[in-house]
Amino acid sequence: MIGGPLPAGVCAAEAFGDDGSAGRVALFPAERAAVAGVSPERLREFTTVRGCARAALAGLGAAPAPLVPGPLGAPGWPPGVVGSMTHCAGYRAAVVARASAYASVGIDAEPLEPLPAVVAGRVVGAVERAWLREDFGPDGPPCDRLVFSAKEAAYKAFSPWLGARFGFQDFTVRPYPDGTFLAIPPESEILLPALSEGGLLGRWSARSGILLTSLLVQQSEN
């Protein structure tokens, strides 16, 4: 699903559900404490996606480490590494990158189906709906879900990078039919030569009933 060549210094791993791999992943004590009392399903999901993260870290030559959610909800990563994890029904994945090359990473996986109308109304703004009408025809992907997933990936990239929480209406994304999307950070005036056309360029793909979005924020060269 992640598919395609990854940039230098970026590694990924994925799993299609919890097919027993969760039982082969040893959680660190801090990770076990973070999910104490959760349902068996949630524990399997949590464990499998950390197995993906360990495999991705190994691809970078980094040792396994506890990946425990921090104050903003994002997991802590080993020194010198940034990363992101995601899971939805039937799919788990992790992407990691060298912090020397990337300021942050965000990925998200979602079922390839429309959002409930009440959720779509909270997520997709009027400007974004106008963009969707302009860029996608009736035979495109479920666009509300695409905006939601792109915002999830963007949030995971923006929030730890900027050190703050944001709501879905605090920033905008514009998906394009070519499999890219433009994410406009909530504090773009402080950010980056890495900004392209006023935003950051992410990628999306839809395959086998799964929608996957990703955003890599490169380090500024300044």
# chains A, B, ... in the order shown; residues from 1 in each chain; ligands from 1
call {"tool": "residues_around", "arguments": {"residues": "Ala126 in chain A", "least_positions_apart": "5", "cutoff": "12 Å", "atoms": "only C-alpha atoms", "output": "PyMOL selection string"}}
result
chain A and resi 120-121+131-133+144+169+172-174
call {"tool": "write_last_selection", "arguments": {"atoms": "all heavy atoms", "output": "tab-separated table (two decimals), in the first residue's frame"}}
result
chain	number	residue	atom	x	y	z
A	120	ALA	N	-18.24	14.95	8.17
A	120	ALA	CA	-17.79	15.73	7.02
A	120	ALA	C	-18.06	17.21	7.22
A	120	ALA	O	-17.24	18.07	6.86
A	120	ALA	CB	-18.47	15.25	5.74
A	121	GLY	N	-19.20	17.55	7.84
A	121	GLY	CA	-19.52	18.94	8.08
A	121	GLY	C	-18.56	19.63	9.02
A	121	GLY	O	-18.36	20.85	8.94
A	131	TRP	N	-12.85	23.67	-3.82
A	131	TRP	CA	-11.72	23.04	-4.50
A	131	TRP	C	-12.09	21.64	-5.00
A	131	TRP	O	-11.74	21.25	-6.12
A	131	TRP	CB	-10.53	22.95	-3.56
A	131	TRP	CG	-9.85	24.26	-3.31
A	131	TRP	CD1	-9.87	25.37	-4.08
A	131	TRP	CD2	-9.00	24.56	-2.19
A	131	TRP	NE1	-9.10	26.36	-3.51
A	131	TRP	CE2	-8.57	25.91	-2.36
A	131	TRP	CE3	-8.58	23.86	-1.06
A	131	TRP	CZ2	-7.72	26.53	-1.46
A	131	TRP	CZ3	-7.74	24.48	-0.15
A	131	TRP	CH2	-7.32	25.81	-0.34
A	132	LEU	N	-12.79	20.87	-4.16
A	132	LEU	CA	-13.16	19.51	-4.56
A	132	LEU	C	-14.07	19.53	-5.78
A	132	LEU	O	-13.92	18.71	-6.69
A	132	LEU	CB	-13.85	18.79	-3.40
A	132	LEU	CG	-12.97	18.48	-2.18
A	132	LEU	CD1	-13.83	17.92	-1.04
A	132	LEU	CD2	-11.85	17.52	-2.54
A	133	ARG	N	-15.04	20.46	-5.82
A	133	ARG	CA	-15.92	20.57	-6.99
A	133	ARG	C	-15.12	20.93	-8.23
A	133	ARG	O	-15.42	20.45	-9.33
A	133	ARG	CB	-17.00	21.62	-6.73
A	133	ARG	CG	-18.07	21.19	-5.73
A	133	ARG	CD	-19.26	22.14	-5.76
A	133	ARG	NE	-18.90	23.50	-5.36
A	133	ARG	CZ	-18.96	23.95	-4.11
A	133	ARG	NH1	-19.36	23.14	-3.14
A	133	ARG	NH2	-18.64	25.19	-3.83
A	144	ASP	N	-14.73	13.71	0.72
A	144	ASP	CA	-14.75	14.11	2.12
A	144	ASP	C	-13.75	13.27	2.92
A	144	ASP	O	-13.03	13.78	3.77
A	144	ASP	CB	-16.15	13.96	2.71
A	144	ASP	CG	-17.12	15.03	2.22
A	144	ASP	OD1	-16.64	15.98	1.58
A	144	ASP	OD2	-18.33	14.90	2.46
A	169	GLN	N	-10.52	22.76	11.36
A	169	GLN	CA	-10.81	24.00	10.65
A	169	GLN	C	-9.67	25.02	10.77
A	169	GLN	O	-9.78	26.12	10.23
A	169	GLN	CB	-12.11	24.61	11.20
A	169	GLN	CG	-13.34	23.75	10.96
A	169	GLN	CD	-13.73	23.68	9.50
A	169	GLN	OE1	-13.34	24.51	8.69
A	169	GLN	NE2	-14.53	22.68	9.14
A	172	THR	N	-5.99	24.09	6.07
A	172	THR	CA	-6.69	23.58	4.89
A	172	THR	C	-5.80	22.64	4.10
A	172	THR	O	-4.57	22.71	4.14
A	172	THR	CB	-7.13	24.74	3.97
A	172	THR	OG1	-5.99	25.52	3.62
A	172	THR	CG2	-8.15	25.62	4.66
A	173	VAL	N	-6.46	21.75	3.37
A	173	VAL	CA	-5.76	20.88	2.42
A	173	VAL	C	-6.51	20.92	1.10
A	173	VAL	O	-7.73	21.09	1.07
A	173	VAL	CB	-5.64	19.42	2.93
A	173	VAL	CG1	-4.86	19.34	4.23
A	173	VAL	CG2	-7.00	18.77	3.07
A	174	ARG	N	-5.74	20.75	0.03
A	174	ARG	CA	-6.35	20.70	-1.29
A	174	ARG	C	-5.84	19.46	-2.02
A	174	ARG	O	-4.71	19.43	-2.51
A	174	ARG	CB	-6.02	21.95	-2.11
A	174	ARG	CG	-6.68	21.93	-3.49
A	174	ARG	CD	-6.50	23.22	-4.25
A	174	ARG	NE	-7.29	23.22	-5.48
A	174	ARG	CZ	-7.48	24.27	-6.27
A	174	ARG	NH1	-6.91	25.44	-5.97
A	174	ARG	NH2	-8.21	24.18	-7.36
call {"tool": "residues_around", "arguments": {"residues": "Cys143 in chain A", "least_positions_apart": "4", "cutoff": "10 Å", "atoms": "only C-alpha atoms", "output": "list of chain:residue names"}}
result
A:Leu112, A:Glu113, A:Pro114, A:Leu115, A:Ala120, A:Val124, A:Glu128, A:Arg129, A:Leu132, A:Arg133, A:Phe136, A:Gly137, A:Pro138, A:Val147, A:Phe148, A:Ser149, A:Pro175
call {"tool": "write_last_selection", "arguments": {"atoms": "C-alpha atoms", "output": "PDB file, in the first residue's frame"}}
result
ATOM      1  CA  LEU A 112     -12.182   4.015   1.163  1.00  0.00           C
ATOM      2  CA  GLU A 113     -15.752   5.109   1.854  1.00  0.00           C
ATOM      3  CA  PRO A 114     -17.578   8.406   2.420  1.00  0.00           C
ATOM      4  CA  LEU A 115     -17.489  10.081   5.812  1.00  0.00           C
ATOM      5  CA  ALA A 120     -17.791  15.733   7.018  1.00  0.00           C
ATOM      6  CA  VAL A 124     -14.368  20.002   5.309  1.00  0.00           C
ATOM      7  CA  GLU A 128     -12.131  22.951   0.478  1.00  0.00           C
ATOM      8  CA  ARG A 129     -15.553  21.969  -0.875  1.00  0.00           C
ATOM      9  CA  LEU A 132     -13.161  19.514  -4.556  1.00  0.00           C
ATOM     10  CA  ARG A 133     -15.919  20.569  -6.989  1.00  0.00           C
ATOM     11  CA  PHE A 136     -12.733  16.093  -8.936  1.00  0.00           C
ATOM     12  CA  GLY A 137     -15.573  14.708 -10.997  1.00  0.00           C
ATOM     13  CA  PRO A 138     -18.366  12.427  -9.782  1.00  0.00           C
ATOM     14  CA  VAL A 147      -9.790  15.600   2.910  1.00  0.00           C
ATOM     15  CA  PHE A 148     -10.193  13.983   6.338  1.00  0.00           C
ATOM     16  CA  SER A 149      -7.257  11.622   5.771  1.00  0.00           C
ATOM     17  CA  PRO A 175      -6.230  17.203  -2.836  1.00  0.00           C
TER      18      PRO A 175
END
call {"tool": "select_by_dssp", "arguments": {"residues": "range 84-186 of chain A", "states": "alpha helix (DSSP H)", "output": "mmCIF file with all heavy atoms, in the first residue's frame"}}
result
data_model
loop_
_atom_site.group_PDB
_atom_site.id
_atom_site.type_symbol
_atom_site.label_atom_id
_atom_site.label_comp_id
_atom_site.auth_asym_id
_atom_site.auth_seq_id
_atom_site.Cartn_x
_atom_site.Cartn_y
_atom_site.Cartn_z
ATOM 1 N N ALA A 117 -22.076 12.195 7.272
ATOM 2 C CA ALA A 117 -22.327 13.596 6.935
ATOM 3 C C ALA A 117 -22.008 14.531 8.095
ATOM 4 O O ALA A 117 -21.468 15.625 7.895
ATOM 5 C CB ALA A 117 -23.780 13.771 6.498
ATOM 6 N N VAL A 118 -22.304 14.118 9.323
ATOM 7 C CA VAL A 118 -22.057 14.994 10.469
ATOM 8 C C VAL A 118 -20.564 15.217 10.674
ATOM 9 O O VAL A 118 -20.131 16.305 11.057
ATOM 10 C CB VAL A 118 -22.721 14.421 11.746
ATOM 11 C CG1 VAL A 118 -22.071 13.098 12.162
ATOM 12 C CG2 VAL A 118 -22.663 15.436 12.879
ATOM 13 N N VAL A 119 -19.755 14.191 10.393
ATOM 14 C CA VAL A 119 -18.299 14.338 10.519
ATOM 15 C C VAL A 119 -17.767 15.204 9.381
ATOM 16 O O VAL A 119 -16.948 16.098 9.596
ATOM 17 C CB VAL A 119 -17.616 12.963 10.525
ATOM 18 C CG1 VAL A 119 -16.094 13.119 10.597
ATOM 19 C CG2 VAL A 119 -18.118 12.120 11.691
ATOM 20 N N ALA A 120 -18.239 14.948 8.168
ATOM 21 C CA ALA A 120 -17.791 15.733 7.018
ATOM 22 C C ALA A 120 -18.055 17.215 7.225
ATOM 23 O O ALA A 120 -17.237 18.067 6.857
ATOM 24 C CB ALA A 120 -18.473 15.250 5.743
ATOM 25 N N GLY A 121 -19.197 17.545 7.841
ATOM 26 C CA GLY A 121 -19.521 18.945 8.081
ATOM 27 C C GLY A 121 -18.561 19.630 9.024
ATOM 28 O O GLY A 121 -18.358 20.846 8.939
ATOM 29 N N ARG A 122 -17.944 18.854 9.941
ATOM 30 C CA ARG A 122 -16.989 19.427 10.881
ATOM 31 C C ARG A 122 -15.584 19.497 10.308
ATOM 32 O O ARG A 122 -14.753 20.261 10.791
ATOM 33 C CB ARG A 122 -16.957 18.598 12.170
ATOM 34 C CG ARG A 122 -18.233 18.636 12.970
ATOM 35 C CD ARG A 122 -18.002 18.171 14.394
ATOM 36 N NE ARG A 122 -17.486 16.811 14.469
ATOM 37 C CZ ARG A 122 -18.245 15.738 14.672
ATOM 38 N NH1 ARG A 122 -19.554 15.861 14.798
ATOM 39 N NH2 ARG A 122 -17.705 14.543 14.748
ATOM 40 N N VAL A 123 -15.300 18.703 9.298
ATOM 41 C CA VAL A 123 -13.933 18.560 8.795
ATOM 42 C C VAL A 123 -13.671 19.408 7.562
ATOM 43 O O VAL A 123 -12.616 20.050 7.443
ATOM 44 C CB VAL A 123 -13.642 17.075 8.479
ATOM 45 C CG1 VAL A 123 -12.309 16.922 7.744
ATOM 46 C CG2 VAL A 123 -13.650 16.243 9.753
ATOM 47 N N ALA A 126 -15.709 25.343 3.589
ATOM 48 C CA ALA A 126 -16.332 25.806 2.345
ATOM 49 C C ALA A 126 -15.317 25.954 1.228
ATOM 50 O O ALA A 126 -15.586 25.601 0.072
ATOM 51 C CB ALA A 126 -17.050 27.139 2.599
ATOM 52 N N VAL A 127 -14.130 26.477 1.547
ATOM 53 C CA VAL A 127 -13.090 26.624 0.522
ATOM 54 C C VAL A 127 -12.674 25.261 -0.007
ATOM 55 O O VAL A 127 -12.508 25.070 -1.225
ATOM 56 C CB VAL A 127 -11.883 27.385 1.091
ATOM 57 C CG1 VAL A 127 -10.699 27.324 0.137
ATOM 58 C CG2 VAL A 127 -12.249 28.835 1.372
ATOM 59 N N GLU A 128 -12.533 24.293 0.900
ATOM 60 C CA GLU A 128 -12.131 22.951 0.478
ATOM 61 C C GLU A 128 -13.216 22.304 -0.379
ATOM 62 O O GLU A 128 -12.908 21.617 -1.373
ATOM 63 C CB GLU A 128 -11.829 22.104 1.709
ATOM 64 C CG GLU A 128 -10.549 22.557 2.403
ATOM 65 C CD GLU A 128 -10.439 22.088 3.838
ATOM 66 O OE1 GLU A 128 -11.482 21.887 4.501
ATOM 67 O OE2 GLU A 128 -9.300 21.917 4.300
ATOM 68 N N ARG A 129 -14.475 22.523 -0.048
ATOM 69 C CA ARG A 129 -15.553 21.969 -0.875
ATOM 70 C C ARG A 129 -15.537 22.584 -2.277
ATOM 71 O O ARG A 129 -15.772 21.889 -3.274
ATOM 72 C CB ARG A 129 -16.913 22.210 -0.207
ATOM 73 C CG ARG A 129 -17.108 21.364 1.031
ATOM 74 C CD ARG A 129 -18.563 21.291 1.455
ATOM 75 N NE ARG A 129 -18.674 20.491 2.671
ATOM 76 C CZ ARG A 129 -18.674 19.177 2.694
ATOM 77 N NH1 ARG A 129 -18.576 18.500 1.552
ATOM 78 N NH2 ARG A 129 -18.785 18.519 3.831
ATOM 79 N N ALA A 130 -15.233 23.853 -2.365
ATOM 80 C CA ALA A 130 -15.139 24.493 -3.676
ATOM 81 C C ALA A 130 -13.987 23.896 -4.477
ATOM 82 O O ALA A 130 -14.115 23.651 -5.686
ATOM 83 C CB ALA A 130 -14.963 25.997 -3.512
ATOM 84 N N TRP A 131 -12.854 23.669 -3.818
ATOM 85 C CA TRP A 131 -11.724 23.037 -4.501
ATOM 86 C C TRP A 131 -12.088 21.639 -5.002
ATOM 87 O O TRP A 131 -11.738 21.255 -6.122
ATOM 88 C CB TRP A 131 -10.529 22.948 -3.558
ATOM 89 C CG TRP A 131 -9.845 24.255 -3.306
ATOM 90 C CD1 TRP A 131 -9.875 25.372 -4.078
ATOM 91 C CD2 TRP A 131 -9.005 24.564 -2.187
ATOM 92 N NE1 TRP A 131 -9.103 26.362 -3.511
ATOM 93 C CE2 TRP A 131 -8.569 25.906 -2.365
ATOM 94 C CE3 TRP A 131 -8.585 23.858 -1.060
ATOM 95 C CZ2 TRP A 131 -7.724 26.532 -1.456
ATOM 96 C CZ3 TRP A 131 -7.743 24.482 -0.149
ATOM 97 C CH2 TRP A 131 -7.320 25.810 -0.341
ATOM 98 N N LEU A 132 -12.787 20.867 -4.162
ATOM 99 C CA LEU A 132 -13.161 19.514 -4.556
ATOM 100 C C LEU A 132 -14.070 19.532 -5.777
ATOM 101 O O LEU A 132 -13.918 18.713 -6.691
ATOM 102 C CB LEU A 132 -13.852 18.794 -3.397
ATOM 103 C CG LEU A 132 -12.975 18.483 -2.176
ATOM 104 C CD1 LEU A 132 -13.828 17.920 -1.043
ATOM 105 C CD2 LEU A 132 -11.855 17.520 -2.535
ATOM 106 N N ARG A 133 -15.035 20.461 -5.815
ATOM 107 C CA ARG A 133 -15.919 20.569 -6.989
ATOM 108 C C ARG A 133 -15.124 20.927 -8.232
ATOM 109 O O ARG A 133 -15.417 20.451 -9.335
ATOM 110 C CB ARG A 133 -17.000 21.617 -6.732
ATOM 111 C CG ARG A 133 -18.066 21.191 -5.728
ATOM 112 C CD ARG A 133 -19.262 22.138 -5.763
ATOM 113 N NE ARG A 133 -18.901 23.497 -5.361
ATOM 114 C CZ ARG A 133 -18.959 23.945 -4.112
ATOM 115 N NH1 ARG A 133 -19.356 23.136 -3.136
ATOM 116 N NH2 ARG A 133 -18.637 25.188 -3.826
ATOM 117 N N GLU A 134 -14.096 21.748 -8.046
ATOM 118 C CA GLU A 134 -13.291 22.190 -9.189
ATOM 119 C C GLU A 134 -12.380 21.078 -9.707
ATOM 120 O O GLU A 134 -12.185 20.933 -10.922
ATOM 121 C CB GLU A 134 -12.444 23.390 -8.759
ATOM 122 C CG GLU A 134 -11.540 23.944 -9.854
ATOM 123 C CD GLU A 134 -10.735 25.144 -9.371
ATOM 124 O OE1 GLU A 134 -11.122 25.764 -8.357
ATOM 125 O OE2 GLU A 134 -9.711 25.448 -10.007
ATOM 126 N N ASP A 135 -11.820 20.275 -8.800
ATOM 127 C CA ASP A 135 -10.736 19.359 -9.160
ATOM 128 C C ASP A 135 -11.173 17.924 -9.413
ATOM 129 O O ASP A 135 -10.464 17.169 -10.086
ATOM 130 C CB ASP A 135 -9.668 19.354 -8.066
ATOM 131 C CG ASP A 135 -8.975 20.702 -7.927
ATOM 132 O OD1 ASP A 135 -8.885 21.422 -8.937
ATOM 133 O OD2 ASP A 135 -8.524 21.039 -6.812
ATOM 134 N N CYS A 143 -14.438 12.149 -1.625
ATOM 135 C CA CYS A 143 -13.576 13.314 -1.408
ATOM 136 C C CYS A 143 -13.589 13.811 0.034
ATOM 137 O O CYS A 143 -12.574 14.303 0.528
ATOM 138 C CB CYS A 143 -13.970 14.435 -2.366
ATOM 139 S SG CYS A 143 -13.535 14.087 -4.087
ATOM 140 N N ASP A 144 -14.732 13.713 0.718
ATOM 141 C CA ASP A 144 -14.753 14.112 2.116
ATOM 142 C C ASP A 144 -13.754 13.269 2.923
ATOM 143 O O ASP A 144 -13.033 13.784 3.770
ATOM 144 C CB ASP A 144 -16.152 13.956 2.709
ATOM 145 C CG ASP A 144 -17.118 15.028 2.216
ATOM 146 O OD1 ASP A 144 -16.645 15.982 1.581
ATOM 147 O OD2 ASP A 144 -18.327 14.898 2.463
ATOM 148 N N ARG A 145 -13.736 11.971 2.649
ATOM 149 C CA ARG A 145 -12.796 11.095 3.341
ATOM 150 C C ARG A 145 -11.364 11.434 2.964
ATOM 151 O O ARG A 145 -10.468 11.370 3.807
ATOM 152 C CB ARG A 145 -13.103 9.635 3.003
ATOM 153 C CG ARG A 145 -12.193 8.627 3.683
ATOM 154 C CD ARG A 145 -12.500 8.430 5.134
ATOM 155 N NE ARG A 145 -13.773 7.761 5.342
ATOM 156 C CZ ARG A 145 -14.177 7.281 6.516
ATOM 157 N NH1 ARG A 145 -13.403 7.414 7.586
ATOM 158 N NH2 ARG A 145 -15.353 6.703 6.640
ATOM 159 N N LEU A 146 -11.136 11.785 1.709
ATOM 160 C CA LEU A 146 -9.795 12.154 1.276
ATOM 161 C C LEU A 146 -9.316 13.401 2.014
ATOM 162 O O LEU A 146 -8.169 13.454 2.477
ATOM 163 C CB LEU A 146 -9.783 12.379 -0.233
ATOM 164 C CG LEU A 146 -8.470 12.848 -0.868
ATOM 165 C CD1 LEU A 146 -7.313 11.935 -0.497
ATOM 166 C CD2 LEU A 146 -8.622 12.943 -2.383
ATOM 167 N N VAL A 147 -10.168 14.406 2.152
ATOM 168 C CA VAL A 147 -9.790 15.600 2.910
ATOM 169 C C VAL A 147 -9.518 15.238 4.370
ATOM 170 O O VAL A 147 -8.535 15.685 4.966
ATOM 171 C CB VAL A 147 -10.894 16.677 2.812
ATOM 172 C CG1 VAL A 147 -10.632 17.808 3.809
ATOM 173 C CG2 VAL A 147 -10.953 17.236 1.395
ATOM 174 N N PHE A 148 -10.386 14.415 4.952
ATOM 175 C CA PHE A 148 -10.193 13.983 6.338
ATOM 176 C C PHE A 148 -8.836 13.308 6.520
ATOM 177 O O PHE A 148 -8.076 13.629 7.438
ATOM 178 C CB PHE A 148 -11.320 13.034 6.734
ATOM 179 C CG PHE A 148 -11.183 12.458 8.115
ATOM 180 C CD1 PHE A 148 -11.604 13.171 9.225
ATOM 181 C CD2 PHE A 148 -10.641 11.192 8.305
ATOM 182 C CE1 PHE A 148 -11.482 12.642 10.514
ATOM 183 C CE2 PHE A 148 -10.518 10.652 9.577
ATOM 184 C CZ PHE A 148 -10.933 11.376 10.684
ATOM 185 N N SER A 149 -8.517 12.355 5.644
ATOM 186 C CA SER A 149 -7.257 11.622 5.771
ATOM 187 C C SER A 149 -6.057 12.534 5.560
ATOM 188 O O SER A 149 -5.065 12.451 6.285
ATOM 189 C CB SER A 149 -7.226 10.464 4.767
ATOM 190 O OG SER A 149 -6.060 9.671 4.952
ATOM 191 N N ALA A 150 -6.147 13.419 4.560
ATOM 192 C CA ALA A 150 -5.048 14.358 4.328
ATOM 193 C C ALA A 150 -4.849 15.269 5.538
ATOM 194 O O ALA A 150 -3.717 15.603 5.914
ATOM 195 C CB ALA A 150 -5.312 15.183 3.070
ATOM 196 N N LYS A 151 -5.961 15.666 6.185
ATOM 197 C CA LYS A 151 -5.833 16.503 7.378
ATOM 198 C C LYS A 151 -5.259 15.718 8.552
ATOM 199 O O LYS A 151 -4.493 16.258 9.362
ATOM 200 C CB LYS A 151 -7.190 17.105 7.750
ATOM 201 C CG LYS A 151 -7.604 18.235 6.825
ATOM 202 C CD LYS A 151 -8.742 19.056 7.396
ATOM 203 C CE LYS A 151 -8.969 20.315 6.567
ATOM 204 N NZ LYS A 151 -9.984 21.210 7.161
ATOM 205 N N GLU A 152 -5.613 14.445 8.666
ATOM 206 C CA GLU A 152 -5.021 13.612 9.714
ATOM 207 C C GLU A 152 -3.511 13.508 9.522
ATOM 208 O O GLU A 152 -2.730 13.662 10.479
ATOM 209 C CB GLU A 152 -5.660 12.229 9.702
ATOM 210 C CG GLU A 152 -7.048 12.163 10.295
ATOM 211 C CD GLU A 152 -7.035 12.189 11.820
ATOM 212 O OE1 GLU A 152 -5.998 11.841 12.418
ATOM 213 O OE2 GLU A 152 -8.058 12.554 12.411
ATOM 214 N N ALA A 153 -3.076 13.207 8.298
ATOM 215 C CA ALA A 153 -1.643 13.120 8.026
ATOM 216 C C ALA A 153 -0.955 14.450 8.265
ATOM 217 O O ALA A 153 0.137 14.512 8.859
ATOM 218 C CB ALA A 153 -1.402 12.635 6.591
ATOM 219 N N ALA A 154 -1.594 15.534 7.813
ATOM 220 C CA ALA A 154 -1.007 16.861 7.997
ATOM 221 C C ALA A 154 -0.930 17.219 9.475
ATOM 222 O O ALA A 154 0.075 17.780 9.937
ATOM 223 C CB ALA A 154 -1.812 17.906 7.226
ATOM 224 N N TYR A 155 -1.984 16.896 10.229
ATOM 225 C CA TYR A 155 -1.956 17.185 11.667
ATOM 226 C C TYR A 155 -0.802 16.466 12.346
ATOM 227 O O TYR A 155 -0.092 17.039 13.186
ATOM 228 C CB TYR A 155 -3.269 16.781 12.323
ATOM 229 C CG TYR A 155 -3.249 17.006 13.819
ATOM 230 C CD1 TYR A 155 -3.553 18.243 14.357
ATOM 231 C CD2 TYR A 155 -2.885 15.977 14.692
ATOM 232 C CE1 TYR A 155 -3.511 18.469 15.722
ATOM 233 C CE2 TYR A 155 -2.836 16.192 16.059
ATOM 234 C CZ TYR A 155 -3.145 17.434 16.569
ATOM 235 O OH TYR A 155 -3.078 17.655 17.926
ATOM 236 N N LYS A 156 -0.601 15.195 11.993
ATOM 237 C CA LYS A 156 0.487 14.425 12.604
ATOM 238 C C LYS A 156 1.845 15.021 12.262
ATOM 239 O O LYS A 156 2.797 14.895 13.037
ATOM 240 C CB LYS A 156 0.425 12.966 12.141
ATOM 241 C CG LYS A 156 -0.773 12.204 12.674
ATOM 242 C CD LYS A 156 -0.786 10.792 12.123
ATOM 243 C CE LYS A 156 -2.011 10.014 12.584
ATOM 244 N NZ LYS A 156 -2.019 8.630 12.045
ATOM 245 N N ALA A 157 1.947 15.652 11.100
ATOM 246 C CA ALA A 157 3.200 16.314 10.738
ATOM 247 C C ALA A 157 3.316 17.687 11.387
ATOM 248 O O ALA A 157 4.364 18.056 11.914
ATOM 249 C CB ALA A 157 3.306 16.436 9.214
ATOM 250 N N PHE A 158 2.223 18.466 11.369
ATOM 251 C CA PHE A 158 2.285 19.837 11.876
ATOM 252 C C PHE A 158 2.388 19.910 13.393
ATOM 253 O O PHE A 158 3.120 20.728 13.943
ATOM 254 C CB PHE A 158 1.033 20.621 11.461
ATOM 255 C CG PHE A 158 0.888 20.864 9.982
ATOM 256 C CD1 PHE A 158 -0.355 21.135 9.437
ATOM 257 C CD2 PHE A 158 1.983 20.842 9.148
ATOM 258 C CE1 PHE A 158 -0.509 21.371 8.086
ATOM 259 C CE2 PHE A 158 1.847 21.081 7.792
ATOM 260 C CZ PHE A 158 0.590 21.344 7.256
ATOM 261 N N SER A 159 1.600 19.082 14.093
ATOM 262 C CA SER A 159 1.443 19.267 15.534
ATOM 263 C C SER A 159 2.756 19.120 16.306
ATOM 264 O O SER A 159 3.132 20.028 17.066
ATOM 265 C CB SER A 159 0.378 18.315 16.084
ATOM 266 O OG SER A 159 0.167 18.536 17.454
ATOM 267 N N PRO A 160 3.510 18.024 16.145
ATOM 268 C CA PRO A 160 4.786 17.946 16.868
ATOM 269 C C PRO A 160 5.813 18.949 16.358
ATOM 270 O O PRO A 160 6.655 19.445 17.121
ATOM 271 C CB PRO A 160 5.240 16.502 16.642
ATOM 272 C CG PRO A 160 4.521 16.055 15.425
ATOM 273 C CD PRO A 160 3.216 16.782 15.418
ATOM 274 N N TRP A 161 5.743 19.274 15.087
ATOM 275 C CA TRP A 161 6.685 20.221 14.490
ATOM 276 C C TRP A 161 6.502 21.615 15.080
ATOM 277 O O TRP A 161 7.456 22.304 15.437
ATOM 278 C CB TRP A 161 6.448 20.215 12.980
ATOM 279 C CG TRP A 161 7.281 21.135 12.161
ATOM 280 C CD1 TRP A 161 8.578 21.508 12.361
ATOM 281 C CD2 TRP A 161 6.864 21.789 10.966
ATOM 282 N NE1 TRP A 161 8.989 22.352 11.365
ATOM 283 C CE2 TRP A 161 7.970 22.540 10.496
ATOM 284 C CE3 TRP A 161 5.683 21.804 10.248
ATOM 285 C CZ2 TRP A 161 7.903 23.303 9.340
ATOM 286 C CZ3 TRP A 161 5.635 22.553 9.091
ATOM 287 C CH2 TRP A 161 6.731 23.290 8.651
ATOM 288 N N LEU A 162 5.229 22.020 15.211
ATOM 289 C CA LEU A 162 4.919 23.353 15.725
ATOM 290 C C LEU A 162 4.661 23.367 17.228
ATOM 291 O O LEU A 162 4.529 24.427 17.828
ATOM 292 C CB LEU A 162 3.703 23.924 14.989
ATOM 293 C CG LEU A 162 3.879 24.095 13.478
ATOM 294 C CD1 LEU A 162 2.583 24.586 12.848
ATOM 295 C CD2 LEU A 162 5.009 25.044 13.156
#
call {"tool": "atom_distance", "arguments": {"atom1": "CA of Leu212 in chain A", "atom2": "CA of Ala109 in chain A"}}
result
4.5 Å
call {"tool": "closest_residue", "arguments": {"among": "A:Leu6, A:Ala15, A:Val35, A:Ala26", "to": "Pro64 in chain A", "atoms": "only C-alpha atoms"}}
result
A:Ala26
call {"tool": "residues_around", "arguments": {"residues": "Leu216 in chain A", "least_positions_apart": "3", "cutoff": "7 Å", "atoms": "only C-alpha atoms", "output": "list in words"}}
result
Tyr102, Ser104, Val105, Gly106 and Gly202 of chain A
call {"tool": "atom_distance", "arguments": {"atom1": "CA of Ala13 in chain A", "atom2": "CA of Ala34 in chain A"}}
result
22.3 Å
call {"tool": "closest_residue", "arguments": {"among": "A:Gly209, A:Pro186, A:Gly163, A:Gly90", "to": "Ala74 in chain A", "atoms": "only C-alpha atoms"}}
result
A:Gly163
call {"tool": "atom_distance", "arguments": {"atom1": "CA of Ser214 in chain A", "atom2": "CA of Ala183 in chain A"}}
result
10.6 Å
call {"tool": "residues_around", "arguments": {"residues": "range 54-60 of chain A", "least_positions_apart": "6", "cutoff": "12 Å", "atoms": "only C-alpha atoms", "output": "PyMOL selection string"}}
result
chain A and resi 6+8-15+21-22+24-28+47-48+66-67+77-85+93-99
